[in-house]
>>> print(open('start_32.txt').read())   # compact mmCIF, C-alpha atoms and all ligand atoms
# COMPACT_ATOMS: atom_id res chain seq x y z
CA MET A 1011 289.39 45.28 108.50
CA THR A 1012 288.11 41.76 108.86
CA GLU A 1013 288.99 39.28 106.15
CA ASN A 1014 285.87 37.87 104.51
CA ALA A 1015 283.76 40.53 106.17
CA THR A 1016 280.21 40.52 104.94
CA VAL A 1017 278.79 43.48 106.84
CA PRO A 1018 279.95 46.85 105.47
CA ALA A 1019 280.45 48.13 109.03
CA ASP A 1020 283.35 45.69 109.35
CA PHE A 1021 285.29 47.59 106.71
CA ALA A 1022 286.02 50.46 109.10
CA GLU A 1023 288.39 50.09 112.02
CA SER A 1024 289.54 52.67 114.54
CA ASP A 1025 292.76 53.42 112.65
CA ARG A 1026 292.00 52.50 109.01
CA VAL A 1027 289.18 51.98 106.55
CA ALA A 1028 288.92 49.82 103.44
CA ALA A 1029 289.35 51.58 100.11
CA ARG A 1030 286.12 49.95 98.91
CA LEU A 1031 284.29 52.42 101.17
CA TYR A 1032 284.80 54.87 98.31
CA THR A 1033 284.14 52.52 95.40
CA ASP A 1034 281.55 49.87 96.31
CA PRO A 1035 278.05 50.73 95.03
CA GLU A 1036 276.44 48.34 97.53
CA ILE A 1037 278.05 50.16 100.43
CA PHE A 1038 276.81 53.43 98.95
CA GLU A 1039 273.23 52.14 98.75
CA ARG A 1040 273.37 51.04 102.35
CA GLU A 1041 274.75 54.45 103.41
CA MET A 1042 271.81 56.19 101.80
CA THR A 1043 269.29 54.24 103.87
CA GLN A 1044 271.26 53.60 107.06
CA ILE A 1045 272.85 57.05 107.37
CA PHE A 1046 271.11 59.65 105.23
CA GLU A 1047 267.61 58.40 106.00
CA ARG A 1048 268.28 58.08 109.73
CA SER A 1049 270.52 61.04 110.64
CA TRP A 1050 269.60 64.66 111.07
CA VAL A 1051 270.60 66.13 107.69
CA TRP A 1052 271.17 69.87 107.22
CA VAL A 1053 268.64 71.38 104.82
CA ALA A 1054 268.71 75.18 105.24
CA HIS A 1055 269.71 78.23 107.21
CA GLU A 1056 266.73 80.01 108.74
CA SER A 1057 267.59 83.22 106.89
CA GLU A 1058 266.74 81.40 103.64
CA LEU A 1059 263.20 80.98 105.02
CA ALA A 1060 262.86 84.28 106.78
CA GLN A 1061 259.23 85.07 105.76
CA PRO A 1062 256.05 82.96 105.85
CA GLY A 1063 255.66 81.47 102.38
CA ASN A 1064 259.39 81.16 101.75
CA PHE A 1065 260.46 77.78 100.40
CA LYS A 1066 263.65 76.05 99.34
CA SER A 1067 263.99 72.82 97.36
CA THR A 1068 266.90 70.57 98.24
CA TYR A 1069 267.71 66.93 99.10
CA VAL A 1070 267.96 64.66 102.10
CA GLY A 1071 270.36 62.01 100.87
CA ARG A 1072 269.04 61.28 97.39
CA GLN A 1073 265.42 62.16 98.09
CA PRO A 1074 264.18 65.56 96.87
CA VAL A 1075 262.49 67.69 99.53
CA ILE A 1076 260.90 71.12 99.92
CA VAL A 1077 261.56 73.14 103.06
CA THR A 1078 258.91 75.76 103.85
CA ARG A 1079 257.87 78.29 106.44
CA ASP A 1080 254.08 78.31 106.79
CA ARG A 1081 251.88 81.27 107.66
CA LYS A 1082 252.22 80.58 111.39
CA GLY A 1083 256.01 80.61 111.08
CA THR A 1084 256.47 76.84 111.48
CA LEU A 1085 259.17 75.15 109.41
CA HIS A 1086 258.29 72.02 107.42
CA THR A 1087 260.30 69.62 105.30
CA MET A 1088 258.37 67.34 102.95
CA LEU A 1089 259.07 65.10 100.02
CA ASN A 1090 259.04 66.95 96.72
CA ARG A 1091 256.75 64.32 95.27
CA CYS A 1092 253.08 64.58 94.39
CA ARG A 1093 250.85 62.02 96.09
CA HIS A 1094 248.99 61.35 92.82
CA ARG A 1095 251.51 59.90 90.42
CA GLY A 1096 254.73 61.11 91.92
CA ALA A 1097 255.67 64.20 89.88
CA SER A 1098 258.05 66.67 91.52
CA LEU A 1099 256.07 69.66 92.73
CA CYS A 1100 258.71 72.32 92.74
CA GLU A 1101 261.76 72.74 90.53
CA LYS A 1102 262.67 76.24 91.69
CA PRO A 1103 265.61 76.35 94.10
CA SER A 1104 263.87 78.90 96.33
CA GLY A 1105 261.11 81.50 96.37
CA LYS A 1106 257.85 82.56 97.95
CA ALA A 1107 254.53 80.79 97.43
CA ASN A 1108 251.10 80.23 98.94
CA GLY A 1109 251.40 76.51 98.30
CA PHE A 1110 252.36 74.09 95.53
CA THR A 1111 250.28 72.97 92.59
CA CYS A 1112 251.45 69.92 90.73
CA PRO A 1113 251.99 70.76 87.05
CA TYR A 1114 250.77 67.33 85.90
CA HIS A 1115 247.10 67.11 87.04
CA ALA A 1116 247.00 70.15 89.35
CA TRP A 1117 246.60 68.57 92.75
CA SER A 1118 247.41 71.42 95.13
CA TYR A 1119 249.08 71.38 98.53
CA GLY A 1120 249.49 73.90 101.35
CA LEU A 1121 252.79 75.15 102.75
CA ASP A 1122 252.37 72.54 105.48
CA GLY A 1123 251.98 69.74 102.89
CA LYS A 1124 248.21 69.22 103.30
CA LEU A 1125 246.34 68.24 100.14
CA ARG A 1126 244.02 71.17 99.49
CA GLY A 1127 242.41 70.68 96.11
CA ILE A 1128 241.87 68.18 93.33
CA PRO A 1129 240.47 69.29 89.96
CA TYR A 1130 237.44 67.44 88.54
CA PRO A 1131 236.85 65.67 91.85
CA ASP A 1132 234.02 63.51 90.48
CA GLY A 1133 235.52 60.12 89.86
CA TYR A 1134 237.15 60.14 93.28
CA GLU A 1135 233.93 59.62 95.30
CA GLY A 1136 234.40 56.81 97.75
CA VAL A 1137 237.96 56.02 96.65
CA LEU A 1138 240.01 58.90 97.96
CA GLU A 1139 240.37 60.44 101.40
CA LYS A 1140 242.03 63.86 101.06
CA GLY A 1141 243.20 63.89 104.67
CA GLU A 1142 245.33 60.81 104.04
CA LEU A 1143 247.20 62.26 101.09
CA SER A 1144 249.35 65.00 102.59
CA LEU A 1145 252.90 65.23 101.32
CA LYS A 1146 255.20 62.91 103.22
CA LYS A 1147 256.71 64.93 106.05
CA LEU A 1148 260.15 64.70 107.62
CA ARG A 1149 260.80 65.74 111.22
CA THR A 1150 262.24 69.24 111.11
CA GLU A 1151 264.09 71.06 113.90
CA SER A 1152 266.53 73.92 114.01
CA TYR A 1153 269.36 74.98 116.28
CA GLY A 1154 271.20 78.29 116.15
CA GLY A 1155 269.56 79.07 112.79
CA MET A 1156 270.66 75.75 111.26
CA VAL A 1157 267.66 73.76 110.00
CA PHE A 1158 267.88 69.97 109.89
CA ALA A 1159 265.42 67.28 108.80
CA THR A 1160 265.25 63.54 109.30
CA PHE A 1161 263.24 60.63 107.95
CA ALA A 1162 263.56 58.96 111.38
CA GLU A 1163 260.06 59.25 112.80
CA ASP A 1164 261.22 58.87 116.35
CA GLY A 1165 264.59 58.80 118.02
CA GLU A 1166 266.80 61.48 119.44
CA SER A 1167 266.06 65.18 119.14
CA LEU A 1168 268.28 67.42 117.04
CA GLU A 1169 269.70 68.99 120.20
CA ASP A 1170 270.69 65.56 121.56
CA PHE A 1171 272.23 64.61 118.21
CA LEU A 1172 274.29 67.82 118.05
CA GLY A 1173 275.32 67.41 121.72
CA ASP A 1174 278.63 69.13 122.41
CA ALA A 1175 278.74 70.52 118.87
CA LYS A 1176 276.08 73.05 119.97
CA LEU A 1177 278.68 75.10 121.85
CA TRP A 1178 280.68 75.39 118.63
CA ILE A 1179 277.63 76.32 116.56
CA ASP A 1180 276.93 79.08 119.09
CA ARG A 1181 280.52 80.30 118.74
CA PHE A 1182 280.43 80.12 114.95
CA MET A 1183 277.36 82.36 114.84
CA LYS A 1184 279.21 85.07 116.79
CA GLN A 1185 280.85 86.15 113.56
CA GLY A 1186 277.80 88.32 113.01
CA GLY A 1187 279.57 90.68 115.43
CA GLY A 1188 276.40 91.05 117.52
CA TYR A 1189 274.04 90.84 114.50
CA PRO A 1190 272.26 87.68 113.33
CA ILE A 1191 273.79 85.70 110.47
CA LYS A 1192 272.24 85.59 107.00
CA VAL A 1193 273.06 83.74 103.80
CA LEU A 1194 274.75 86.08 101.29
CA GLY A 1195 274.91 83.72 98.33
CA LYS A 1196 276.03 80.27 97.26
CA HIS A 1197 277.60 78.28 94.48
CA GLN A 1198 277.78 74.59 93.66
CA PHE A 1199 280.16 72.19 92.01
CA LYS A 1200 280.51 68.44 91.64
CA PHE A 1201 283.60 66.37 92.18
CA ARG A 1202 284.25 62.88 90.91
CA GLY A 1203 284.65 61.17 94.23
CA ASN A 1204 282.83 59.60 97.14
CA TRP A 1205 281.08 61.85 99.68
CA LYS A 1206 283.24 60.61 102.57
CA ILE A 1207 286.35 62.10 100.94
CA GLN A 1208 284.73 65.49 101.53
CA LEU A 1209 283.50 64.50 104.99
CA GLU A 1210 287.13 63.80 105.93
CA ASN A 1211 288.45 67.07 104.60
CA THR A 1212 287.06 69.84 106.77
CA THR A 1213 288.88 68.86 109.95
CA ASP A 1214 292.00 67.59 108.14
CA GLY A 1215 294.63 70.17 109.11
CA TYR A 1216 297.43 67.99 107.73
CA HIS A 1217 296.74 68.86 104.09
CA PHE A 1218 296.41 72.59 104.60
CA PRO A 1219 299.95 73.96 104.03
CA ILE A 1220 300.61 71.37 101.33
CA VAL A 1221 297.48 71.69 99.18
CA HIS A 1222 296.85 75.35 99.95
CA ARG A 1223 300.39 76.58 99.32
CA SER A 1224 299.22 78.71 96.41
CA TRP A 1225 296.58 80.36 98.61
CA MET A 1226 299.16 81.00 101.36
CA ALA A 1227 301.40 82.66 98.77
CA SER A 1228 298.53 84.83 97.53
CA VAL A 1229 297.54 86.42 100.86
CA ASP A 1230 299.27 89.10 102.91
CA ALA A 1231 301.84 88.13 105.56
CA GLU A 1232 299.43 88.81 108.45
CA THR A 1233 296.87 86.34 107.10
CA ALA A 1234 299.48 83.73 106.23
CA ASP A 1235 300.93 84.04 109.72
CA MET A 1236 297.51 83.52 111.29
CA MET A 1237 297.13 80.29 109.33
CA SER A 1238 300.56 78.87 110.18
CA PHE A 1239 299.19 76.51 112.80
CA MET A 1240 301.10 73.38 111.78
CA THR A 1241 303.73 73.64 114.50
CA ASP A 1242 301.58 75.41 117.10
CA PRO A 1243 300.86 72.97 119.95
CA SER A 1244 297.78 74.95 121.01
CA ALA A 1245 296.12 74.24 117.65
CA ILE A 1246 294.04 71.12 118.35
CA THR A 1247 291.21 68.96 117.03
CA HIS A 1248 288.42 67.55 119.21
CA ALA A 1249 286.01 64.70 118.55
CA LEU A 1250 282.66 65.96 119.86
CA GLY A 1251 280.57 62.77 119.73
CA ASN A 1252 278.06 61.45 117.16
CA GLY A 1253 280.64 61.87 114.37
CA HIS A 1254 281.05 65.64 114.84
CA SER A 1255 284.50 67.24 115.19
CA VAL A 1256 286.11 70.65 115.46
CA MET A 1257 289.57 71.74 114.32
CA GLN A 1258 290.87 74.87 116.04
CA MET A 1259 293.50 76.49 113.82
CA VAL A 1260 293.53 79.85 115.56
CA PRO A 1261 292.42 79.01 119.13
CA GLU A 1262 292.55 82.66 120.25
CA HIS A 1263 289.72 83.33 117.78
CA SER A 1264 287.54 80.40 118.84
CA ASP A 1265 285.29 82.60 120.93
CA LEU A 1266 285.04 86.03 119.36
CA ASP A 1267 283.54 87.47 122.57
CA VAL A 1268 286.89 86.85 124.26
CA ASP A 1269 288.94 89.87 123.26
CA ASP A 1270 291.35 91.73 125.51
CA GLY A 1271 291.62 94.48 122.93
CA THR A 1272 295.36 94.11 122.38
CA GLU A 1273 295.28 92.31 119.02
CA PRO A 1274 295.46 94.88 116.23
CA LEU A 1275 292.86 94.70 113.47
CA GLN A 1276 294.36 93.50 110.21
CA ALA A 1277 295.69 96.27 107.99
CA ARG A 1278 293.86 94.83 104.97
CA PHE A 1279 290.57 95.93 106.57
CA ASP A 1280 291.65 99.57 107.15
CA HIS A 1281 289.22 100.84 104.50
CA VAL A 1282 286.34 98.96 106.15
CA VAL A 1283 287.22 100.41 109.54
CA ALA A 1284 287.35 103.92 108.05
CA GLU A 1285 283.93 103.50 106.44
CA LEU A 1286 282.20 101.89 109.44
CA SER A 1287 283.66 104.44 111.86
CA LYS A 1288 281.50 107.12 110.22
CA THR A 1289 278.39 105.61 111.82
CA LEU A 1290 279.32 102.89 114.36
CA ASP A 1291 281.17 103.24 117.64
CA GLU A 1292 284.68 101.88 118.02
CA ALA A 1293 283.74 98.75 119.97
CA GLN A 1294 281.11 97.76 117.40
CA VAL A 1295 283.51 98.34 114.51
CA ARG A 1296 286.13 96.19 116.20
CA LYS A 1297 283.63 93.40 116.80
CA VAL A 1298 282.42 93.27 113.20
CA VAL A 1299 285.86 93.62 111.59
CA ARG A 1300 287.55 91.12 113.90
CA ALA A 1301 284.94 88.56 112.80
CA MET A 1302 285.63 89.14 109.10
CA HIS A 1303 288.01 86.22 108.75
CA GLY A 1304 285.62 83.83 110.52
CA THR A 1305 286.04 82.10 113.83
CA GLY A 1306 289.42 80.37 113.61
CA PHE A 1307 287.97 76.86 113.67
CA ASN A 1308 286.34 74.39 111.30
CA LEU A 1309 283.33 72.49 112.62
CA ASN A 1310 282.27 69.30 110.89
CA LEU A 1311 278.74 68.03 111.57
CA PHE A 1312 278.09 64.45 110.55
CA PRO A 1313 276.98 63.63 107.90
CA ASN A 1314 276.53 66.57 105.51
CA VAL A 1315 277.44 70.07 106.68
CA SER A 1316 280.56 71.80 107.87
CA MET A 1317 281.16 75.34 109.01
CA SER A 1318 284.41 77.10 108.26
CA ALA A 1319 285.72 80.65 107.86
CA ALA A 1320 282.65 82.58 106.66
CA PHE A 1321 280.66 79.80 105.01
CA PHE A 1322 278.82 76.50 105.32
CA ARG A 1323 279.95 73.62 103.14
CA VAL A 1324 277.12 71.23 102.33
CA LEU A 1325 277.69 67.87 100.68
CA ARG A 1326 275.16 65.80 98.76
CA PRO A 1327 276.04 62.27 97.69
CA ILE A 1328 274.93 61.61 94.11
CA SER A 1329 276.45 58.21 93.44
CA VAL A 1330 279.31 56.16 94.85
CA ASN A 1331 281.80 58.29 92.90
CA GLU A 1332 280.07 61.63 92.49
CA THR A 1333 279.33 64.30 95.10
CA LEU A 1334 277.81 67.75 94.91
CA ILE A 1335 279.24 70.49 97.11
CA GLU A 1336 277.48 73.73 97.91
CA HIS A 1337 279.35 76.64 99.46
CA VAL A 1338 277.03 78.99 101.31
CA ALA A 1339 278.56 82.37 102.12
CA ILE A 1340 277.31 84.09 105.28
CA GLY A 1341 277.58 87.50 106.89
CA PRO A 1342 275.93 89.78 109.44
CA ASP A 1343 272.30 90.71 108.90
CA GLY A 1344 272.56 94.33 110.00
CA PRO A 1345 271.86 97.89 108.87
CA PRO A 1346 272.90 99.07 105.37
CA GLU A 1347 276.11 100.47 106.85
CA LEU A 1348 277.32 96.85 107.02
CA ASP A 1349 277.06 96.36 103.26
CA ILE A 1350 280.78 97.06 102.94
CA VAL A 1351 281.47 94.26 105.45
CA ASN A 1352 279.41 91.74 103.49
CA ARG A 1353 280.92 92.79 100.17
CA GLU A 1354 284.38 92.31 101.62
CA ARG A 1355 283.41 88.98 103.18
CA LEU A 1356 282.22 87.76 99.76
CA ARG A 1357 285.56 88.77 98.20
CA ILE A 1358 287.45 86.83 100.92
CA HIS A 1359 285.13 83.87 100.34
CA GLU A 1360 285.70 83.96 96.57
CA HIS A 1361 289.45 84.18 97.08
CA PHE A 1362 289.52 80.77 98.77
CA GLN A 1363 286.23 78.99 98.05
CA GLY A 1364 285.14 80.56 94.79
CA PRO A 1365 285.38 78.74 91.44
CA PHE A 1366 288.30 80.99 90.52
CA GLY A 1367 289.71 80.92 94.05
CA PHE A 1368 292.90 79.31 95.26
CA GLY A 1369 291.60 76.86 97.86
CA THR A 1370 288.71 74.81 96.57
CA PRO A 1371 290.10 73.89 93.13
CA ASP A 1372 293.21 72.59 94.90
CA ASP A 1373 291.12 70.57 97.37
CA ALA A 1374 288.96 69.17 94.56
CA GLU A 1375 292.05 67.93 92.73
CA GLY A 1376 293.08 66.04 95.87
CA TRP A 1377 289.59 64.52 96.26
CA ASP A 1378 289.49 63.34 92.64
CA ARG A 1379 292.88 61.74 93.12
CA VAL A 1380 291.80 59.86 96.24
CA GLN A 1381 288.91 58.40 94.26
CA ARG A 1382 291.11 57.38 91.32
CA GLY A 1383 293.82 55.95 93.57
CA ALA A 1384 291.31 54.02 95.68
CA HIS A 1385 290.69 51.74 92.69
CA GLY A 1386 294.31 50.63 92.92
CA GLY A 1387 295.37 48.02 95.50
CA PRO A 1388 291.90 47.07 96.72
CA ASP A 1389 293.49 45.26 99.65
CA LEU A 1390 295.43 48.30 100.84
CA PRO A 1391 293.72 50.26 103.60
CA ILE A 1392 293.17 54.03 103.83
CA LEU A 1393 294.95 55.20 106.98
CA VAL A 1394 293.32 57.49 109.53
CA ASN A 1395 295.80 56.80 112.34
CA ARG A 1396 297.81 60.02 112.48
CA GLY A 1397 298.13 61.15 116.11
CA LEU A 1398 296.37 58.10 117.51
CA ALA A 1399 299.08 57.55 120.13
CA ARG A 1400 299.02 61.18 121.28
CA GLU A 1401 295.23 61.51 121.48
CA LYS A 1402 294.02 62.43 124.97
CA ALA A 1403 290.77 63.47 126.57
CA SER A 1404 290.32 67.24 126.93
CA PRO A 1405 288.97 68.59 130.26
CA GLU A 1406 285.50 68.31 128.66
CA GLY A 1407 286.17 64.64 127.89
CA TRP A 1408 286.53 65.12 124.13
CA PRO A 1409 289.17 62.95 122.40
CA THR A 1410 291.73 65.57 121.42
CA SER A 1411 294.95 65.71 119.48
CA HIS A 1412 297.02 68.10 117.42
CA VAL A 1413 295.31 69.99 114.61
CA THR A 1414 297.25 67.95 112.03
CA ASP A 1415 295.98 64.66 113.46
CA GLU A 1416 293.17 62.53 112.09
CA THR A 1417 290.95 62.73 115.17
CA GLY A 1418 288.08 64.22 113.14
CA MET A 1419 288.13 61.39 110.61
CA ARG A 1420 288.23 58.74 113.30
CA ALA A 1421 285.20 60.40 114.89
CA ALA A 1422 283.30 60.39 111.61
CA TYR A 1423 284.14 56.76 110.85
CA ALA A 1424 283.17 55.65 114.37
CA GLN A 1425 279.70 57.11 113.73
CA TRP A 1426 279.65 55.66 110.21
CA LYS A 1427 280.47 52.21 111.59
CA GLU A 1428 277.78 52.43 114.24
CA MET A 1429 275.10 53.47 111.78
CA MET A 1430 276.12 50.99 109.09
CA GLY A 1431 276.05 48.15 111.62
CA ASP A 1432 272.52 48.91 112.82
CA ASP A 1433 269.67 47.01 111.34
S1 LIG B 1501 251.14 63.62 89.31
FE1 LIG B 1501 250.66 65.36 90.49
S2 LIG B 1501 248.60 65.75 90.04
FE2 LIG B 1501 249.03 63.98 88.89
FE FE B 1502 291.50 72.15 101.99
>>> encode(input="start_32.txt", output="structure tokens", more="lines below")
Ligand code: FES
Ligand SMILES: [Fe+2]
Amino acid sequence: MTENATVPADFAESDRVAARLYTDPEIFEREMTQIFERSWVWVAHESELAQPGNFKSTYVGRQPVIVTRDRKGTLHTMLNRCRHRGASLCEKPSGKANGFTCPYHAWSYGLDGKLRGIPYPDGYEGVLEKGELSLKKLRTESYGGMVFATFAEDGESLEDFLGDAKLWIDRFMKQGGGYPIKVLGKHQFKFRGNWKIQLENTTDGYHFPIVHRSWMASVDAETADMMSFMTDPSAITHALGNGHSVMQMVPEHSDLDVDDGTEPLQARFDHVVAELSKTLDEAQVRKVVRAMHGTGFNLNLFPNVSMSAAFFRVLRPISVNETLIEHVAIGPDGPPELDIVNRERLRIHEHFQGPFGFGTPDDAEGWDRVQRGAHGGPDLPILVNRGLAREKASPEGWPTSHVTDETGMRAAYAQWKEMMGDD
């Protein structure tokens, strides 16, 4: 990084970043406006807003928003802030409503954010135009069931922003085994570290066998074998453009539709197979059960959502050294016969990602340590250069290297640098 640099963008280079990226409150403030108020930020999965009237309250960066589906089926994202004196309109995480009435002075708004009613309207003659006081709206678009919103009033479409990551979203959604995907449940936790420590983690294959040793020891040999990708040259990471990256740990499971039928189903799912076989044909059972461990890759979408195994991981920056993580478990949205599949998927999810699981607590310890260590040696850089010399373009043109290499982080920091440099 440049000595005496004054622009935060100068603190990231192609092979290293400055430790102050995790600790400097001014850099954090700039990230909130330059990145989180300009990017497409993930806000929901469509299954959370399946019916007209469904809503969800969440955040885009640090700004509270409500995501709704109106009576015509259109999705909206708007600031969770009354146009009168700024009270939050909705404190419920999700639900169904006809609209929102502010608890302070009862201004009421429709599901599309339009101001509908004001109590005791006398006093507002000649000084208030209702049509001008809708809730502030964010652009909202969805792809493959993933709903994103942005404060950027113009600029690229969501599809252009996702670019080559769309193929991987399509593949990820195949774990419904022919059924759509729905959210099964979620849980949240905070860690005492900067949001970029999490951003770096999802396509960091290097830490897996080290940090997740206890998880590896807790699963059956078949599962452990499937995850032993460290020395497999076919396990690779691609940079997909715009900060997105994908890490393929089990490449033969990247596209679940590709199945020559020779791979046996895992013995740990025998009871699921026996149950499903009572009502579903063999091919359908195979499809659903084969998808039960996810898709064999982790997809990281800049800046706030990643997709891995059978869940989405959503990050929300709170302050320079505090980040909220939400794990959203997903499964097929099918007939009741699939309940056993979704129950089992939740158990697998809890085993790794759950608060009493083996994986996430171990990751969180690592993230806390990065934050604490980053305060030491402020002049020492954070390295993201692993595999730089062996990175090549894939046939699709994606910068590609081994799954243990830091290609994903370099991709994210290249996007970070570009956005932080813009004025
Ligand atoms: S602050 Fe919402 S109605 Fe007054
Ligand atoms: Fe991890």
>>> residues_around(input="start_32.txt", residues="stretch 1332-1341 of chain A", least_positions_apart="2", cutoff="8 Å", atoms="all atoms listed in the file", output="PyMOL selection string")
chain A and resi 1185-1186+1191-1205+1320-1330+1343+1351-1352+1355-1356+1359+1363
>>> closest_residue(input="start_32.txt", among="A:Val1157, A:Ala1399, A:Val1413, A:Cys1092", to="A:Ser1244", atoms="all atoms listed in the file")
A:Val1413
>>> residues_near_ligand(input="start_32.txt", ligand="ligand FE 1502 (chain B)", cutoff="12 Å", atoms="only C-alpha atoms and all ligand atoms", output="PyMOL selection string")
chain A and resi 1207-1226+1308+1318-1319+1323+1362-1363+1367-1377
>>> closest_residue(input="start_32.txt", among="A:Cys1100, A:Met1183, A:Val1394, A:Leu1121", to="ligand LIG 1501 (chain B)", atoms="only C-alpha atoms and all ligand atoms")
A:Cys1100
>>> closest_residue(input="start_32.txt", among="A:Glu1292, A:Ala1301, A:Ala1424, A:Phe1171", to="A:Glu1354", atoms="all atoms listed in the file")
A:Ala1301
>>> residues_near_ligand(input="start_32.txt", ligand="ligand LIG 1501 (chain B)", cutoff="9 Å", atoms="all atoms listed in the file", output="list in words")
Arg1091, Cys1092, Arg1093, His1094, Arg1095, Gly1096, Ala1097, Ser1098, Leu1099, Thr1111, Cys1112, Pro1113, Tyr1114, His1115, Ala1116, Trp1117, Ser1118, Ile1128 and Pro1129 of chain A
>>> atom_distance(input="start_32.txt", atom1="atom CA of A:Phe1312", atom2="atom CA of A:Ser1057")
21.8 Å
>>> closest_residue(input="start_32.txt", among="A:Met1156, A:Glu1273, A:Asp1180, A:Glu1232", to="A:Thr1305", atoms="all atoms listed in the file")
A:Asp1180
>>> closest_residue(input="start_32.txt", among="A:Thr1078, A:Phe1158, A:Arg1149, A:Met1317", to="A:Gly1120", atoms="only C-alpha atoms")
A:Thr1078
>>> atom_distance(input="start_32.txt", atom1="atom CA of A:Thr1068", atom2="atom CA of A:Val1051")
11.1 Å
>>> closest_residue(input="start_32.txt", among="A:Glu1047, A:Asp1280, A:Glu1036, A:Asp1291", to="A:Phe1161", atoms="all atoms listed in the file")
A:Glu1047
>>> axis_aligned_box(input="start_32.txt", around="stretch 1153-1167 of chain A", padding_each_side="6 Å", output="AutoDock Vina command-line options")
--center_x 265.6 --center_y 68.9 --center_z 113.7 --size_x 23.1 --size_y 32.3 --size_z 23.5
>>> atom_distance(input="start_32.txt", atom1="atom CA of A:Arg1030", atom2="atom CA of A:Thr1414")
24.9 Å
>>> residues_around(input="start_32.txt", residues="A:Ile1179", least_positions_apart="5", cutoff="10 Å", atoms="only C-alpha atoms", output="CSV table (one decimal) with C-alpha atoms, in the frame of the given file")
chain,number,residue,atom,x,y,z
A,1153,TYR,CA,269.4,75.0,116.3
A,1154,GLY,CA,271.2,78.3,116.2
A,1155,GLY,CA,269.6,79.1,112.8
A,1156,MET,CA,270.7,75.8,111.3
A,1172,LEU,CA,274.3,67.8,118.0
A,1174,ASP,CA,278.6,69.1,122.4
A,1184,LYS,CA,279.2,85.1,116.8
A,1309,LEU,CA,283.3,72.5,112.6
A,1311,LEU,CA,278.7,68.0,111.6
A,1317,MET,CA,281.2,75.3,109.0
